[in-house]
Each structure stands twice: as C-alpha cells, then as structure tokens.
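**Q** Just one file: model-v7.txt, with compact mmCIF, C-alpha atoms and all ligand atoms.
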```
# COMPACT_ATOMS: atom_id res chain seq x y z
CA MET A 1 15.81 -41.26 -13.32
CA MET A 2 14.23 -37.85 -12.74
CA LYS A 3 17.11 -36.71 -10.56
CA ASP A 4 19.57 -37.16 -13.44
CA GLU A 5 17.77 -34.26 -15.16
CA ILE A 6 18.69 -31.83 -12.36
CA LYS A 7 21.77 -29.68 -12.91
CA GLU A 8 21.96 -28.34 -9.37
CA VAL A 9 20.08 -28.57 -6.07
CA LEU A 10 19.52 -24.99 -4.87
CA ILE A 11 17.65 -25.77 -1.64
CA SER A 12 17.84 -29.21 -0.05
CA GLU A 13 14.95 -31.15 1.45
CA GLU A 14 16.42 -30.62 4.91
CA GLU A 15 16.78 -26.85 4.44
CA ILE A 16 13.17 -26.66 3.26
CA GLN A 17 11.86 -28.62 6.24
CA THR A 18 13.84 -26.50 8.74
CA LYS A 19 12.48 -23.32 7.16
CA VAL A 20 8.90 -24.63 7.07
CA ARG A 21 9.09 -25.37 10.81
CA GLU A 22 10.32 -21.82 11.45
CA LEU A 23 7.57 -20.26 9.28
CA GLY A 24 4.94 -22.44 10.95
CA ALA A 25 6.06 -21.32 14.42
CA ASN A 26 5.89 -17.63 13.38
CA LEU A 27 2.45 -18.06 11.86
CA SER A 28 1.18 -19.89 14.95
CA LYS A 29 2.05 -16.78 17.00
CA GLU A 30 0.62 -14.41 14.41
CA TYR A 31 -2.73 -16.20 14.26
CA SER A 32 -3.00 -17.54 17.82
CA GLU A 33 -6.08 -15.39 18.51
CA SER A 34 -7.93 -15.95 15.21
CA PHE A 35 -9.16 -18.83 13.10
CA PRO A 36 -7.42 -18.02 9.81
CA LEU A 37 -8.49 -19.17 6.38
CA VAL A 38 -5.34 -20.59 4.82
CA VAL A 39 -5.61 -20.42 1.02
CA GLY A 40 -3.29 -22.54 -1.09
CA VAL A 41 -2.74 -21.52 -4.70
CA LEU A 42 -2.87 -24.63 -6.89
CA LYS A 43 -1.05 -26.52 -8.02
CA GLY A 44 2.41 -25.29 -7.01
CA ALA A 45 1.71 -24.48 -3.36
CA MET A 46 0.39 -27.96 -2.59
CA PRO A 47 3.51 -29.56 -0.98
CA PHE A 48 4.42 -26.35 0.89
CA MET A 49 0.86 -25.87 2.14
CA SER A 50 0.67 -29.49 3.26
CA ASP A 51 3.91 -29.27 5.25
CA LEU A 52 3.27 -25.75 6.59
CA ILE A 53 -0.15 -26.35 8.14
CA LYS A 54 1.25 -29.36 10.02
CA ARG A 55 3.69 -26.93 11.69
CA MET A 56 0.94 -24.50 12.72
CA ASP A 57 -0.24 -25.44 16.18
CA ILE A 58 -3.52 -23.48 16.04
CA HIS A 59 -7.03 -23.97 14.71
CA LEU A 60 -7.27 -23.03 11.04
CA GLU A 61 -9.37 -23.68 7.97
CA VAL A 62 -7.93 -24.62 4.58
CA ASP A 63 -9.21 -23.78 1.13
CA PHE A 64 -7.72 -23.67 -2.37
CA MET A 65 -7.80 -21.49 -5.45
CA ASP A 66 -6.66 -22.39 -8.90
CA VAL A 67 -5.78 -19.49 -11.12
CA SER A 68 -4.19 -19.32 -14.52
CA SER A 69 -2.23 -16.38 -15.80
CA TYR A 70 -2.85 -16.70 -19.57
CA GLY A 71 0.90 -16.73 -20.21
CA ASN A 72 3.01 -19.75 -21.05
CA GLU A 73 4.87 -21.72 -18.35
CA MET A 74 7.77 -19.31 -18.15
CA VAL A 75 6.16 -15.86 -18.41
CA SER A 76 3.17 -14.47 -16.56
CA SER A 77 0.99 -12.08 -18.60
CA GLY A 78 -0.83 -10.33 -15.76
CA GLU A 79 -4.32 -11.36 -16.86
CA VAL A 80 -5.66 -13.79 -14.29
CA LYS A 81 -8.44 -16.29 -14.84
CA ILE A 82 -10.08 -18.14 -11.94
CA ILE A 83 -10.17 -21.87 -12.68
CA LYS A 84 -11.38 -22.84 -9.21
CA ASP A 85 -12.67 -20.36 -6.67
CA LEU A 86 -12.78 -20.74 -2.88
CA ASN A 87 -15.53 -22.82 -1.29
CA THR A 88 -15.53 -20.45 1.70
CA SER A 89 -16.47 -16.77 2.11
CA VAL A 90 -13.53 -14.57 3.13
CA GLU A 91 -15.75 -11.81 4.57
CA GLY A 92 -14.49 -10.84 8.02
CA ARG A 93 -11.79 -13.52 7.95
CA ASP A 94 -8.05 -13.35 8.46
CA VAL A 95 -6.79 -14.78 5.17
CA LEU A 96 -3.32 -16.24 4.70
CA ILE A 97 -2.38 -16.90 1.07
CA VAL A 98 0.20 -19.66 0.61
CA GLU A 99 2.29 -19.47 -2.57
CA ASP A 100 5.16 -21.51 -3.97
CA ILE A 101 7.02 -18.61 -5.57
CA ILE A 102 6.53 -14.91 -6.24
CA ASP A 103 8.11 -13.74 -9.46
CA SER A 104 6.36 -10.83 -11.23
CA GLY A 105 3.86 -10.69 -8.35
CA LEU A 106 0.95 -10.29 -10.81
CA THR A 107 -0.93 -13.46 -9.76
CA LEU A 108 -0.68 -12.67 -6.09
CA ASN A 109 -1.48 -9.00 -6.50
CA TYR A 110 -4.73 -10.03 -8.15
CA LEU A 111 -5.62 -12.41 -5.29
CA VAL A 112 -4.78 -9.91 -2.54
CA GLU A 113 -6.99 -7.27 -4.20
CA LEU A 114 -9.78 -9.80 -4.78
CA PHE A 115 -9.85 -10.82 -1.11
CA HIS A 116 -9.84 -7.18 0.04
CA TYR A 117 -12.71 -6.49 -2.37
CA ARG A 118 -14.56 -9.46 -0.84
CA LYS A 119 -14.13 -7.80 2.59
CA ALA A 120 -11.54 -10.03 4.25
CA LYS A 121 -10.52 -8.67 7.66
CA SER A 122 -6.83 -9.10 6.79
CA VAL A 123 -4.87 -10.58 3.90
CA LYS A 124 -1.31 -11.81 4.35
CA VAL A 125 1.03 -13.73 2.10
CA VAL A 126 3.54 -16.45 2.85
CA THR A 127 5.69 -17.73 0.03
CA LEU A 128 8.33 -20.43 0.08
CA LEU A 129 10.42 -18.69 -2.59
CA ASP A 130 10.79 -15.07 -3.56
CA LYS A 131 12.39 -13.81 -6.78
CA PRO A 132 12.47 -10.05 -6.13
CA GLU A 133 14.30 -9.32 -9.41
CA GLY A 134 11.29 -10.48 -11.42
CA ARG A 135 8.81 -8.10 -9.79
CA LYS A 136 6.46 -6.08 -12.04
CA VAL A 137 4.16 -4.79 -9.28
CA ASP A 138 4.90 -3.46 -5.82
CA LEU A 139 4.25 -6.53 -3.71
CA THR A 140 6.21 -7.77 -0.72
CA PRO A 141 5.27 -11.05 0.96
CA ASP A 142 4.65 -10.87 4.72
CA LEU A 143 6.83 -13.97 5.10
CA ALA A 144 9.22 -15.61 2.65
CA GLY A 145 11.26 -18.77 3.05
CA PHE A 146 14.13 -18.21 0.64
CA ILE A 147 15.23 -15.56 -1.85
CA VAL A 148 16.15 -17.18 -5.17
CA PRO A 149 18.00 -15.72 -8.17
CA ASP A 150 16.17 -14.90 -11.40
CA GLU A 151 16.50 -18.44 -12.71
CA PHE A 152 13.84 -21.05 -13.55
CA VAL A 153 13.55 -23.50 -10.66
CA VAL A 154 11.60 -26.75 -10.24
CA GLY A 155 10.62 -29.12 -7.46
CA TYR A 156 8.60 -29.10 -4.23
CA GLY A 157 5.49 -28.08 -6.17
CA LEU A 158 7.13 -26.12 -8.97
CA ASP A 159 6.84 -27.65 -12.42
CA PHE A 160 8.26 -27.60 -15.89
CA ALA A 161 5.50 -28.74 -18.29
CA GLU A 162 3.68 -30.30 -15.30
CA ARG A 163 6.67 -32.44 -14.33
CA TYR A 164 9.07 -32.27 -11.36
CA ARG A 165 6.46 -31.07 -8.81
CA ASN A 166 7.17 -34.21 -6.76
CA LEU A 167 10.88 -33.55 -6.24
CA PRO A 168 11.46 -33.10 -2.48
CA TYR A 169 13.96 -30.23 -3.08
CA ILE A 170 14.29 -27.09 -5.23
CA GLY A 171 16.62 -27.43 -8.19
CA VAL A 172 17.60 -26.17 -11.62
CA LEU A 173 17.14 -28.33 -14.72
CA LYS A 174 19.91 -29.27 -17.11
CA PRO A 175 19.64 -27.14 -20.29
CA GLU A 176 19.10 -30.22 -22.49
CA VAL A 177 15.80 -30.85 -20.68
CA TYR A 178 14.36 -27.55 -22.01
CA GLN A 179 15.75 -28.21 -25.45
CA GLY A 180 13.85 -31.52 -25.53
P1 LIG B 201 4.02 -14.34 -10.85
O1 LIG B 201 2.60 -13.97 -11.10
O2 LIG B 201 4.55 -13.93 -9.50
O3 LIG B 201 4.93 -13.92 -11.96
O4 LIG B 201 4.09 -15.90 -11.01
C1 LIG B 201 3.93 -16.80 -10.03
C2 LIG B 201 3.79 -18.16 -10.67
O5 LIG B 201 4.65 -18.31 -11.80
C3 LIG B 201 4.20 -19.22 -9.70
O6 LIG B 201 3.12 -19.62 -8.87
C4 LIG B 201 4.72 -20.29 -10.62
O7 LIG B 201 3.66 -21.09 -11.05
C5 LIG B 201 5.28 -19.55 -11.81
N1 LIG B 201 6.74 -19.37 -11.69
C6 LIG B 201 7.42 -18.23 -11.48
N2 LIG B 201 8.75 -18.46 -11.41
C7 LIG B 201 8.91 -19.79 -11.56
C8 LIG B 201 10.06 -20.67 -11.56
O8 LIG B 201 11.23 -20.29 -11.39
N3 LIG B 201 9.81 -21.99 -11.75
C9 LIG B 201 8.56 -22.49 -11.92
N4 LIG B 201 8.45 -23.79 -12.07
N5 LIG B 201 7.46 -21.70 -11.93
C10 LIG B 201 7.63 -20.37 -11.74
```
I'd like the structure from this file rewritten - as structure tokens, please.

**A**
Amino acid sequence: MMKDEIKEVLISEEEIQTKVRELGANLSKEYSESFPLVVGVLKGAMPFMSDLIKRMDIHLEVDFMDVSSYGNEMVSSGEVKIIKDLNTSVEGRDVLIVEDIIDSGLTLNYLVELFHYRKAKSVKVVTLLDKPEGRKVDLTPDLAGFIVPDEFVVGYGLDFAERYRNLPYIGVLKPEVYQG
C-alpha cells in the first residue's frame, strides 16, 4: 500500500481541511468587492485549489498555469519555462496565485513579475506550505497555511517522481523509497 511508504505524517487531512476553511474565509473578505482571477499552478496546487475555492463564498474565475523550472524534481534552477499559459487576460484583474509550496521562491517570483508586466491590478499569493529556509529570492506569500522544515514532503498535490499527489495528507517518505 502507498501509505506503507510514508515515514511520518507531518500535517493530517483534518488539519489541512481546517486550515483551508480559514484561508477561504480570509480570502472571501479580501476579495468581496472584486471578481478575482484565481490561478492554480499545475500540477501540485490542484487539490489545494479545488478545496480552497469551495471555501470562498464570492464570485471568482479560475485559470491554470503549468510551468517547469528546468531543474530535477528536488532542486529548482530558476529558469522557468511556460508549458501552459493562462486562457484569460490578467490586465486590470485582481490575481490570486495558488501554490502548493514555496521553497526557493524562484517559480513564484517569475509568475508574480509576469503578471505585473501583463498589467494585473494586483497580484497576491496563497500557498499551502512555506519553506522559508529554502528561499533564494525575497518573496513572502500574502497567506500561507503551514510553515514546514527544509525537508522533502509529499502528498496533497506534492509528488515524488509524479507519485503520491493523491495522498490526502502531507508526509515524509521512508528513505528506502528514494533509494529505489
Ligand atoms: P521553488 O521555485 O519555490 O523552489 O519551487 C516550488 C516548487 O518546487 C513546488 O511547486 C514543488 O513543485 C517543488 N517543491 C519544492 N519543495 C518541495 C517538497 O518538499 N516536496 C515536493 N514534492 N516538491 C517540492
């Protein structure tokens, strides 16, 4: 079973759902007067985005971007390639970027600058997880669910070699899983 490959559960399903409700309530207040464009970063943000928008009791529009960072799974290189761009124009819009985790911050920094360049009215970031120790650029999310240690985590959208995204919690893999 997949769960036998998990060494430790860092954040339970229940803790995630409680936090998502809280973030959704905050964002509903923040965007009560606008019609934000909520941008999910594929593929990792998918479960978080799906749960979060259901907790936002306002009108909003969703869109997705898929970017790749030219690194391997564990290390981000800073060079960002757009695999799938938005379908919608961000000009004059309040944009909320939804991320699974911010580590170096390089991917997100690129997206924030891109949306400003494309004349968004505002650009904010909500991330489920924040790993401040990994930061390589000065980037602070507007909202973050949980601070996590500088350790490789999986689940709730986060993968190792494309697996484990469907775990309902955030966990750490047993070392033998990496060693193959
Ligand atoms: P950044 O550009 O902030 O370094 O990287 C963000 C991306 O790196 C995340 O969207 C995620 O895909 C990946 N990443 C960073 N840390 C982790 C981690 O602990 N586990 C997993 N599975 N992916 C991570």

**Q** Fewer than 2 positions away in the same chain doesn't count, so skip those; otherwise give me all residues within 8 Å of region 86-97 of chain A, counting only C-alpha atoms, as a ChimeraX atom specification.

**A** /A:34-41,63-65,84,99,115,118-126

**Q** Between A:Lys7, A:Arg55, A:Lys81, A:Lys43, which one has atoms that come closest to ligand LIG 201 (chain B), using only C-alpha atoms and all ligand atoms?

**A**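 With only C-alpha atoms and all ligand atoms as the atom set, the closest residue is A:Lys43.
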
**Q** What do you get as a PyMOL selection string if you pick all residues at most 9 Å from ligand LIG 201 (chain B), counting all atoms listed in the file?

**A** chain A and resi 41-45+68-69+73-78+80+99-110+129-131+134-136+148-155+157-162+164-165+172

**Q** Dump C-alpha atoms for the selected residues as a PDB file, keeping the file's coordinate frame?

**A**
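Written out: selection.pdb:
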```
ATOM      1  CA  VAL A  41      -2.740 -21.520  -4.700  1.00  0.00           C
ATOM      2  CA  LEU A  42      -2.870 -24.630  -6.890  1.00  0.00           C
ATOM      3  CA  LYS A  43      -1.050 -26.520  -8.020  1.00  0.00           C
ATOM      4  CA  GLY A  44       2.410 -25.290  -7.010  1.00  0.00           C
ATOM      5  CA  ALA A  45       1.710 -24.480  -3.360  1.00  0.00           C
ATOM      6  CA  SER A  68      -4.190 -19.320 -14.520  1.00  0.00           C
ATOM      7  CA  SER A  69      -2.230 -16.380 -15.800  1.00  0.00           C
ATOM      8  CA  GLU A  73       4.870 -21.720 -18.350  1.00  0.00           C
ATOM      9  CA  MET A  74       7.770 -19.310 -18.150  1.00  0.00           C
ATOM     10  CA  VAL A  75       6.160 -15.860 -18.410  1.00  0.00           C
ATOM     11  CA  SER A  76       3.170 -14.470 -16.560  1.00  0.00           C
ATOM     12  CA  SER A  77       0.990 -12.080 -18.600  1.00  0.00           C
ATOM     13  CA  GLY A  78      -0.830 -10.330 -15.760  1.00  0.00           C
ATOM     14  CA  VAL A  80      -5.660 -13.790 -14.290  1.00  0.00           C
ATOM     15  CA  GLU A  99       2.290 -19.470  -2.570  1.00  0.00           C
ATOM     16  CA  ASP A 100       5.160 -21.510  -3.970  1.00  0.00           C
ATOM     17  CA  ILE A 101       7.020 -18.610  -5.570  1.00  0.00           C
ATOM     18  CA  ILE A 102       6.530 -14.910  -6.240  1.00  0.00           C
ATOM     19  CA  ASP A 103       8.110 -13.740  -9.460  1.00  0.00           C
ATOM     20  CA  SER A 104       6.360 -10.830 -11.230  1.00  0.00           C
ATOM     21  CA  GLY A 105       3.860 -10.690  -8.350  1.00  0.00           C
ATOM     22  CA  LEU A 106       0.950 -10.290 -10.810  1.00  0.00           C
ATOM     23  CA  THR A 107      -0.930 -13.460  -9.760  1.00  0.00           C
ATOM     24  CA  LEU A 108      -0.680 -12.670  -6.090  1.00  0.00           C
ATOM     25  CA  ASN A 109      -1.480  -9.000  -6.500  1.00  0.00           C
ATOM     26  CA  TYR A 110      -4.730 -10.030  -8.150  1.00  0.00           C
ATOM     27  CA  LEU A 129      10.420 -18.690  -2.590  1.00  0.00           C
ATOM     28  CA  ASP A 130      10.790 -15.070  -3.560  1.00  0.00           C
ATOM     29  CA  LYS A 131      12.390 -13.810  -6.780  1.00  0.00           C
ATOM     30  CA  GLY A 134      11.290 -10.480 -11.420  1.00  0.00           C
ATOM     31  CA  ARG A 135       8.810  -8.100  -9.790  1.00  0.00           C
ATOM     32  CA  LYS A 136       6.460  -6.080 -12.040  1.00  0.00           C
ATOM     33  CA  VAL A 148      16.150 -17.180  -5.170  1.00  0.00           C
ATOM     34  CA  PRO A 149      18.000 -15.720  -8.170  1.00  0.00           C
ATOM     35  CA  ASP A 150      16.170 -14.900 -11.400  1.00  0.00           C
ATOM     36  CA  GLU A 151      16.500 -18.440 -12.710  1.00  0.00           C
ATOM     37  CA  PHE A 152      13.840 -21.050 -13.550  1.00  0.00           C
ATOM     38  CA  VAL A 153      13.550 -23.500 -10.660  1.00  0.00           C
ATOM     39  CA  VAL A 154      11.600 -26.750 -10.240  1.00  0.00           C
ATOM     40  CA  GLY A 155      10.620 -29.120  -7.460  1.00  0.00           C
ATOM     41  CA  GLY A 157       5.490 -28.080  -6.170  1.00  0.00           C
ATOM     42  CA  LEU A 158       7.130 -26.120  -8.970  1.00  0.00           C
ATOM     43  CA  ASP A 159       6.840 -27.650 -12.420  1.00  0.00           C
ATOM     44  CA  PHE A 160       8.260 -27.600 -15.890  1.00  0.00           C
ATOM     45  CA  ALA A 161       5.500 -28.740 -18.290  1.00  0.00           C
ATOM     46  CA  GLU A 162       3.680 -30.300 -15.300  1.00  0.00           C
ATOM     47  CA  TYR A 164       9.070 -32.270 -11.360  1.00  0.00           C
ATOM     48  CA  ARG A 165       6.460 -31.070  -8.810  1.00  0.00           C
ATOM     49  CA  VAL A 172      17.600 -26.170 -11.620  1.00  0.00           C
TER      50      VAL A 172
END
```

**Q** What is the CA of Ile16 (chain A)-CA of Glu133 (chain A) distance in Å, reported with one decimal?

**A**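 Straight-line distance from CA of Ile16 (chain A) to CA of Glu133 (chain A) works out to 21.5 Å.
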
**Q** What does the structure give for the distance between CA of Ala144 (chain A) and CA of Leu128 (chain A), in Å to one decimal?

**A**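 Atom-to-atom, CA of Ala144 (chain A) and CA of Leu128 (chain A) are spaced 5.5 Å apart.
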
**Q** Which is closest to Ile58 (chain A) among A:Val9, A:Ala25, A:Val20, A:Ile82, if we use all atoms listed in the file?

**A**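 Nearest candidate to Ile58 (chain A) out of A:Val9, A:Ala25, A:Val20, A:Ile82: A:Ala25.
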
**Q** Record the distance separating CA of Phe48 (chain A) and CA of Thr140 (chain A), expressed in Å with one decimal.

**A** 18.7 Å

**Q** So which residues touch Gly24 (chain A) within 12 Å, counting all atoms listed in the file, skipping near sequence neighbours fewer than 4 positions away, as an NGL selection string?

**A** :A and (17-20 or 28-32 or 48-58 or 98 or 126-128 or 143-145)

**Q** Taking the block just given, write region 126-148 of chain A to a file that holds N, CA, C and O atoms, as a short mmCIF file (atom, residue, chain, number, x, y, z; two decimals), in the first residue's frame.

**A**
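Final file, out00.cif:
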```cif
data_model
loop_
_atom_site.label_atom_id
_atom_site.label_comp_id
_atom_site.auth_asym_id
_atom_site.auth_seq_id
_atom_site.Cartn_x
_atom_site.Cartn_y
_atom_site.Cartn_z
N VAL A 126 -1.23 32.85 -2.35
CA VAL A 126 -1.57 31.99 -1.21
C VAL A 126 -0.91 30.64 -1.45
O VAL A 126 -0.98 30.08 -2.54
N THR A 127 -0.21 30.17 -0.43
CA THR A 127 0.44 28.87 -0.54
C THR A 127 0.01 27.99 0.62
O THR A 127 -0.19 28.50 1.73
N LEU A 128 -0.15 26.71 0.37
CA LEU A 128 -0.49 25.82 1.48
C LEU A 128 0.71 25.69 2.41
O LEU A 128 0.59 25.79 3.62
N LEU A 129 1.89 25.46 1.81
CA LEU A 129 3.10 25.24 2.60
C LEU A 129 4.17 26.28 2.28
O LEU A 129 4.30 26.70 1.13
N ASP A 130 4.91 26.64 3.29
CA ASP A 130 6.01 27.58 3.10
C ASP A 130 7.25 26.98 3.77
O ASP A 130 7.19 26.54 4.91
N LYS A 131 8.35 26.98 2.99
CA LYS A 131 9.65 26.51 3.49
C LYS A 131 10.60 27.69 3.46
O LYS A 131 11.41 27.82 2.55
N PRO A 132 10.52 28.59 4.45
CA PRO A 132 11.30 29.84 4.38
C PRO A 132 12.81 29.61 4.32
O PRO A 132 13.53 30.42 3.74
N GLU A 133 13.28 28.50 4.88
CA GLU A 133 14.73 28.23 4.88
C GLU A 133 15.31 28.02 3.49
O GLU A 133 16.50 28.17 3.27
N GLY A 134 14.43 27.63 2.53
CA GLY A 134 14.92 27.34 1.18
C GLY A 134 14.99 28.56 0.28
O GLY A 134 15.44 28.47 -0.86
N ARG A 135 14.57 29.72 0.77
CA ARG A 135 14.39 30.89 -0.09
C ARG A 135 15.68 31.39 -0.74
O ARG A 135 16.70 31.53 -0.07
N LYS A 136 15.60 31.66 -2.07
CA LYS A 136 16.74 32.23 -2.80
C LYS A 136 16.42 33.63 -3.29
O LYS A 136 17.28 34.33 -3.80
N VAL A 137 15.13 34.01 -3.27
CA VAL A 137 14.75 35.38 -3.63
C VAL A 137 13.86 35.92 -2.52
O VAL A 137 13.30 35.14 -1.74
N ASP A 138 13.74 37.23 -2.47
CA ASP A 138 12.96 37.86 -1.41
C ASP A 138 11.49 37.80 -1.79
O ASP A 138 11.00 38.64 -2.54
N LEU A 139 10.81 36.77 -1.32
CA LEU A 139 9.40 36.62 -1.65
C LEU A 139 8.65 36.09 -0.43
O LEU A 139 9.02 35.06 0.13
N THR A 140 7.63 36.82 -0.02
CA THR A 140 6.82 36.39 1.12
C THR A 140 5.39 36.23 0.63
O THR A 140 4.83 37.14 0.03
N PRO A 141 4.79 35.05 0.86
CA PRO A 141 3.41 34.87 0.43
C PRO A 141 2.47 35.78 1.24
O PRO A 141 2.75 36.08 2.39
N ASP A 142 1.37 36.21 0.63
CA ASP A 142 0.40 37.03 1.35
C ASP A 142 -0.31 36.18 2.39
O ASP A 142 -0.66 36.66 3.46
N LEU A 143 -0.52 34.91 2.07
CA LEU A 143 -1.13 33.97 3.01
C LEU A 143 -0.43 32.63 2.88
O LEU A 143 -0.16 32.17 1.76
N ALA A 144 -0.16 31.99 4.02
CA ALA A 144 0.45 30.66 4.00
C ALA A 144 -0.26 29.78 5.02
O ALA A 144 -0.60 30.25 6.12
N GLY A 145 -0.49 28.53 4.65
CA GLY A 145 -1.17 27.61 5.55
C GLY A 145 -0.29 27.13 6.68
O GLY A 145 -0.60 27.30 7.86
N PHE A 146 0.84 26.53 6.31
CA PHE A 146 1.74 25.93 7.30
C PHE A 146 3.20 26.20 6.92
O PHE A 146 3.55 26.15 5.74
N ILE A 147 4.01 26.43 7.93
CA ILE A 147 5.46 26.51 7.73
C ILE A 147 5.99 25.09 7.89
O ILE A 147 5.63 24.39 8.84
N VAL A 148 6.81 24.63 6.92
CA VAL A 148 7.38 23.29 7.04
C VAL A 148 8.91 23.38 7.07
O VAL A 148 9.49 24.30 6.51
#
```
